[in-house]
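Report on one structure; see the data block that follows.
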Amino acid sequence: MTTSYDAIVIGAGHNGLVTACYLAKAGKQVLVLERYHEVGGAAITEEIHPGFRVSVASYSCSLLSTKVIEELRLSEYGFAVYPKSPSYFMPFPDGEYIFLNASSREETKQQIARFSERDAKAYDAWEDFWDRSCDIIEPTLHQPPPTMGELAQRFEEAGLADDFRRVMLLSTTDLLNEFFESEYVKAVMAPQSLIGTAGGPMTPGTPYVWLFHAIGRAIGKRGVWGYVRGGMGGITQALAKAGRDLGVTIRTSHRLPKCWWKMGRHAVWCSKMARRYAAALCSRMPTRSAPSSSCALLAPCPPTSANTLSATTAVLARCTS
């Protein structure tokens, strides 16, 4: 038996569920297939000991788009975030320590002043630099990604060509050296540019990672991160509820051995459930897996996907966030 849908989304992580919700809002019949017994992907809460439920993968939230939160009415489905305060704590081998609080510039400056009055004054310029850069980048989050040249042009038109150089071309070490003198202060700042990368503080371009840690507004204030009520699964549970109310069909415990491609349409076969589904809408199905595993599902591959598969199998995915 074949059941037909307009679109099939493979994977019920947060990105897959958002995709499904927006397709459903556009009036499409959408099926989400998830091989795990529960939705969530990396945004999931599980019981690791009787009575103890924790976030077992991702652990903190900020970059979930406020546009998505509002348009899908996630707060009505139980989504809530509590701000992290303080944002960071770093102890040092000599007994010193430092706190950072993204919710309070003054508290952070007081902490920095314990190590350098000059750096405490420079912190205002540091925050202003990131505010300017975020103002340029933030609108692109809901647009087709700009090329590097287009991004450089946006900075230049705003009179911020030097900020583009700092964000895109410098290393984290170089950037921190432009603003701060204390090694303690630079040490607590640096991880923001390195989380989720395979780079180090001297890797060119890592300040761009900081920018994305500074740009999120899920808490309501830019750059503040928080803990989701009920763990990170609170995000995907809210998305799943919103999706079902929009008419999305979500099937868990559905492992996909292969997807069959025919005449620009997809069919997927779930051997464990002995069911077959067809999607007539998309020239490709939205999938939240790594490129190599996504392409490997296609059999037989159309020429473009076959070329992509041969290329992506050579990609070493070392780290993700």
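Letters A, B, ... mark the chains of the structure tokens in the order given; residue numbers begin at 1 per chain; ligand numbers begin at 1, in order shown.
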Polymer residues at most 12 Å from segment 179-190 of chain A, only C-alpha atoms, same-chain spacing of 5 or more positions, as a PyMOL selection string:
chain A and resi 87-102+108-129+166+171-174+195+199-203+206-207+209-210+213
Would you work out the distance separating atom CA of Val167 of chain A from atom CA of Leu63 of chain A, expressed in Å to one decimal?
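Computing the Euclidean distance for atom CA of Val167 of chain A and atom CA of Leu63 of chain A yields 18.4 Å.
Taking atom CA of Leu33 of chain A and atom CA of Arg73 of chain A as the two end points, the separation is 22.9 Å.
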Shell of 12 Å around Leu64 of chain A, only C-alpha atoms, local chain residues under 4 positions omitted, as a PyMOL selection string
chain A and resi 14-15+18+43+60+68-70+72+74+79-81+141-142+212-213+215-220+222-226+228+232+235-236+239
Counting only C-alpha atoms, which residue out of A:Glu150, A:His254, A:Ala242, A:Phe164 sits closest to Thr19 of chain A?
A:Ala242
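Take atom CA of Glu107 of chain A and atom CA of Pro86 of chain A: the distance between them is 9.5 Å.
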Applying 10 Å and only C-alpha atoms, which residues near segment 55-58 of chain A remain after dropping the ones on its own chain fewer than 4 positions away? List them as a PyMOL selection string.
chain A and resi 40-48+227-228+230-234+321
If we count only C-alpha atoms and set the cut-off at 8 Å, which residues sit around Leu169 of chain A, ignoring sequence neighbours fewer than 4 positions away in its own chain? Please answer as a PyMOL selection string.
chain A and resi 164-165+204-205
Using only C-alpha atoms, please write the residues we just selected to a file, as a tab-separated table (two decimals), in the first residue's frame.
chain	number	residue	atom	x	y	z
A	164	PHE	CA	34.00	42.71	8.19
A	165	ARG	CA	37.76	42.15	8.28
A	204	PRO	CA	41.33	32.58	10.90
A	205	GLY	CA	37.59	33.21	10.65
Enumerate as an MDAnalysis selection string all residues of segment 86-294 of chain A assigned to helix (DSSP H, G or I) by DSSP on the backbone, naming them with the chain letters and numbers the document uses.
chainID A and resid 105:113 117:142 148:157 161:168 172:179 183:193 207:215 233:245 291:294
From segment 5-158 of chain A, collect each residue whose DSSP state is strand (DSSP E or B) and return the set as a PyMOL selection string.
chain A and resi 5+7-10+13+30-33+40+45-49+52-55+61+81-83+88-91+97-100
Within 10 Å of Ala152 of chain A, counting only C-alpha atoms, which residues qualify if same-chain residues fewer than 5 places away don't, as a PyMOL selection string?
chain A and resi 146-147+157+160-165+168
Could the residues in this selection be saved with C-alpha atoms as a PDB file, in the first residue's frame?
ATOM      1  CA  PRO A 146      24.546  35.839   0.820  1.00  0.00           C
ATOM      2  CA  THR A 147      27.865  35.166  -0.853  1.00  0.00           C
ATOM      3  CA  GLU A 157      27.729  50.125   2.556  1.00  0.00           C
ATOM      4  CA  LEU A 160      31.876  48.948   8.551  1.00  0.00           C
ATOM      5  CA  ALA A 161      34.456  47.437   6.201  1.00  0.00           C
ATOM      6  CA  ASP A 162      36.939  47.071   9.067  1.00  0.00           C
ATOM      7  CA  ASP A 163      34.366  45.143  11.093  1.00  0.00           C
ATOM      8  CA  PHE A 164      33.999  42.706   8.190  1.00  0.00           C
ATOM      9  CA  ARG A 165      37.762  42.149   8.284  1.00  0.00           C
ATOM     10  CA  MET A 168      35.618  37.089   8.722  1.00  0.00           C
TER      11      MET A 168
END
Of the candidates A:Ser4, A:Ser193, A:Thr252, A:Ser65, which shows the shortest atom-to-atom distance to Tyr36 of chain A, using only C-alpha atoms?
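Distance minimum relative to Tyr36 of chain A lands on A:Thr252.
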Taking into account only C-alpha atoms, which residue in the set A:Gly196, A:Gly78, A:Gly27, A:Gly243 is nearest to Asp6 of chain A?
A:Gly27
With distances taken over only C-alpha atoms, the candidate from A:Ser75, A:Gln192, A:Ser253, A:Ser133 nearest Arg154 of chain A is A:Ser133
